[in-house]
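Working notes for the structure below.
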Amino acid sequence: MKKDVIICVDDEQMILNSLHTQLERKFGRIYEYEFAESADEAQEVIDELIEDGYTIALIISDQIMPEMMGDEFLTKVHQTFPEIIKILLTGQAGLDSAVNAINNANLFRYLTKPWEENDLLLSVEKALEQFNLINNLRKQNQQLENNYQQLINQQKATKLATQAKLNAETENRSKSAFLANMSHEIRTPLSTIIGYSEMLLEDVTEQQHLNYIPDIENIKIAGNHLLALINDILDLAKIQSGKMELYIQPININDLLSEIKSLANQLATKKSNTLIINSNDLGTIKTDKLRLKQVIINLLSNACKFTQQGRITLDVEKTQKDKNDWLKISITDTGVGMNTEQISKIFNEFEQANQSIATQYGGTGLGLSLSKQICELLSGSIQIESQPDVGSIFMVEIPY
């Protein structure tokens, strides 16, 4: 760390030596000492010190010097560096010069030659105390200004963030309203298409036009798939806009599992998977039956999609957490599994584990995101454990 500097200016080398000896005797090596024999030389020293990053605390200058008098030199210094403390050495007849320096250079003190060492050292000590006091006050003031500016910047940032949040919420509400309206507009004619495909399927079956059946079934399957997608988008829009209504009522868990089992078996057999359901008498739970069923079907469908000739296991049990009853639903598959990076984004909207998933397995990446948000609406949670080429476990917990 660089020391503060005291500069002594006098055209007599003997005076400079005396100042050096007396100052070092009192202050030792606490300060750096620089010496100049004229005002011009002193100005060069000042410029070099400032350029090198030193702080000049005090200048002690003689009055009678060639080229420029001491009071003129100190006045010139004061115009550029008013923070430097200044002491003038003058003879008995130099009172006018001292007054001039006091008025124009903010002179701290003047000493008459020859000076008493104690007077000099006491004057220098008080001058340095004043410099340190003013310097510390200046630093504190700068810190206060910095803190004030930081506070202003934080307030601006908070205001911008608040406005951005409001804009995002407005945009999100607009998007949700658009999705909801579009979903309704598309769902109405789509329901008609599905209805007519079912009627056509009955007609061609009765009339034995068997060659039409595969095409009509494809229309029906595609229509139902699109309808399911639209329903997911509509549900997502409802959640984001805060308009999804829950119908909480007591439901029998075993009855719910019986309703799910038939559809789950159909999903499993599509890719030659074996479905295993493990549960016992779980009683009733107060929750939204439709939404809980939707979550379980979504997770079973997801497990079946990514498993080929494997095993899908649905475990349902009652557990205790924080002295309360919770329903724990675990869906385990022996499918492709996921790595850590894929797991980190699996619940993001419209995003799948990697870019090849949609191409190879289909889907939009909405099911898991929707399931997570529904679980949270039901005051529950969903977690996942997975390993590549081993399989995945999705665990849902819902309070009783």
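Residues in the structure tokens are named by chain (A, B, ... in the order shown) and by number from 1 within that chain; ligands are numbered from 1 in the order shown.
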Q) Within 7 Å of segment 286-291 of chain A, counting only C-alpha atoms, which residues qualify if same-chain residues fewer than 6 places away don't, as a list in words? A)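 Listed by chain and then number, they are Leu246, Tyr247, Ile248, Gln249, Pro250, Ile251, Ile374 and Tyr400 of chain A.
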Q: Could you give me the residues within segment 203-322 of chain A that DSSP places in strand (DSSP E), as a VMD selection string?
A: chain A and resid 248 to 252 274 to 278 284 to 288 311 to 321
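Residues in contact range of Asn135 of chain A, defined as at most 10 Å between only C-alpha atoms, with sequence neighbours fewer than 4 positions away removed, read A:Ala57, A:Glu83, A:Ile84, A:Glu129, A:Gln130, A:Phe131, A:Lys139, A:Gln140, A:Asn141.
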Take the selection from the previous step and output its residues with all heavy atoms, as a CSV table (one decimal), in the first residue's frame.
chain,number,residue,atom,x,y,z
A,57,ALA,N,-0.4,14.6,1.0
A,57,ALA,CA,-1.1,15.1,2.2
A,57,ALA,C,-0.7,16.5,2.5
A,57,ALA,O,-1.6,17.3,2.9
A,57,ALA,CB,-0.8,14.2,3.4
A,83,GLU,N,-7.5,19.8,-1.8
A,83,GLU,CA,-7.5,18.9,-0.6
A,83,GLU,C,-6.1,18.8,0.0
A,83,GLU,O,-6.0,18.4,1.2
A,83,GLU,CB,-7.9,17.5,-1.0
A,83,GLU,CG,-7.0,16.7,-1.9
A,83,GLU,CD,-7.1,17.0,-3.4
A,83,GLU,OE1,-7.8,18.0,-3.7
A,83,GLU,OE2,-6.4,16.4,-4.2
A,84,ILE,N,-5.0,19.3,-0.6
A,84,ILE,CA,-3.7,19.2,0.0
A,84,ILE,C,-3.6,20.3,1.0
A,84,ILE,O,-3.9,21.5,0.8
A,84,ILE,CB,-2.6,19.4,-1.1
A,84,ILE,CG1,-2.7,18.2,-2.1
A,84,ILE,CG2,-1.2,19.4,-0.5
A,84,ILE,CD1,-1.7,18.4,-3.3
A,129,GLU,N,-3.4,15.7,10.8
A,129,GLU,CA,-4.7,15.3,11.5
A,129,GLU,C,-5.9,15.9,10.7
A,129,GLU,O,-6.9,15.2,10.4
A,129,GLU,CB,-4.8,15.8,12.9
A,129,GLU,CG,-3.9,15.0,13.8
A,129,GLU,CD,-3.9,15.5,15.3
A,129,GLU,OE1,-4.7,16.5,15.5
A,129,GLU,OE2,-3.3,15.0,16.1
A,130,GLN,N,-5.8,17.1,10.3
A,130,GLN,CA,-6.9,17.7,9.5
A,130,GLN,C,-7.0,17.0,8.1
A,130,GLN,O,-8.1,16.8,7.7
A,130,GLN,CB,-6.6,19.2,9.3
A,130,GLN,CG,-7.7,19.9,8.4
A,130,GLN,CD,-7.6,21.4,8.5
A,130,GLN,OE1,-7.5,22.0,9.6
A,130,GLN,NE2,-7.7,22.0,7.3
A,131,PHE,N,-5.9,16.8,7.5
A,131,PHE,CA,-5.9,16.1,6.2
A,131,PHE,C,-6.6,14.7,6.3
A,131,PHE,O,-7.5,14.4,5.5
A,131,PHE,CB,-4.5,15.9,5.7
A,131,PHE,CG,-4.5,15.1,4.4
A,131,PHE,CD1,-4.8,15.6,3.2
A,131,PHE,CD2,-4.2,13.7,4.4
A,131,PHE,CE1,-4.8,14.8,2.0
A,131,PHE,CE2,-4.2,12.9,3.3
A,131,PHE,CZ,-4.5,13.5,2.1
A,139,LYS,N,-14.1,10.2,2.0
A,139,LYS,CA,-14.4,8.8,1.6
A,139,LYS,C,-15.7,8.3,2.1
A,139,LYS,O,-16.4,7.6,1.4
A,139,LYS,CB,-13.3,7.9,2.3
A,139,LYS,CG,-11.9,8.0,1.6
A,139,LYS,CD,-10.9,7.1,2.4
A,139,LYS,CE,-9.5,7.3,1.7
A,139,LYS,NZ,-8.5,6.4,2.4
A,140,GLN,N,-16.1,8.8,3.3
A,140,GLN,CA,-17.4,8.4,3.8
A,140,GLN,C,-18.5,9.0,3.0
A,140,GLN,O,-19.6,8.4,2.7
A,140,GLN,CB,-17.6,8.9,5.3
A,140,GLN,CG,-16.7,8.1,6.2
A,140,GLN,CD,-16.8,8.6,7.7
A,140,GLN,OE1,-17.7,9.5,8.0
A,140,GLN,NE2,-15.9,8.2,8.5
A,141,ASN,N,-18.3,10.3,2.5
A,141,ASN,CA,-19.3,10.9,1.7
A,141,ASN,C,-19.4,10.2,0.3
A,141,ASN,O,-20.5,10.0,-0.2
A,141,ASN,CB,-18.9,12.4,1.5
A,141,ASN,CG,-19.9,13.2,0.7
A,141,ASN,OD1,-21.1,13.2,1.1
A,141,ASN,ND2,-19.5,13.7,-0.4
Q: Going by DSSP on the backbone, which bits of segment 97-270 of chain A are alpha helix (DSSP H)? Write them as a VMD selection string, please.
A: chain A and resid 97 to 105 117 to 206 213 to 240 253 to 269
Q: Would you list the contacts of Thr334 of chain A as a ChimeraX atom specification, taking every protein, DNA or RNA residue within 9 Å and counting only C-alpha atoms, but skipping same-chain residues closer than 3 positions in sequence?
A: /A:303,306-312,337,389-392
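Closest to Ser379 of chain A among A:Pro189, A:Pro399, A:Gly367, A:Gly53 is A:Pro399, based on only C-alpha atoms.
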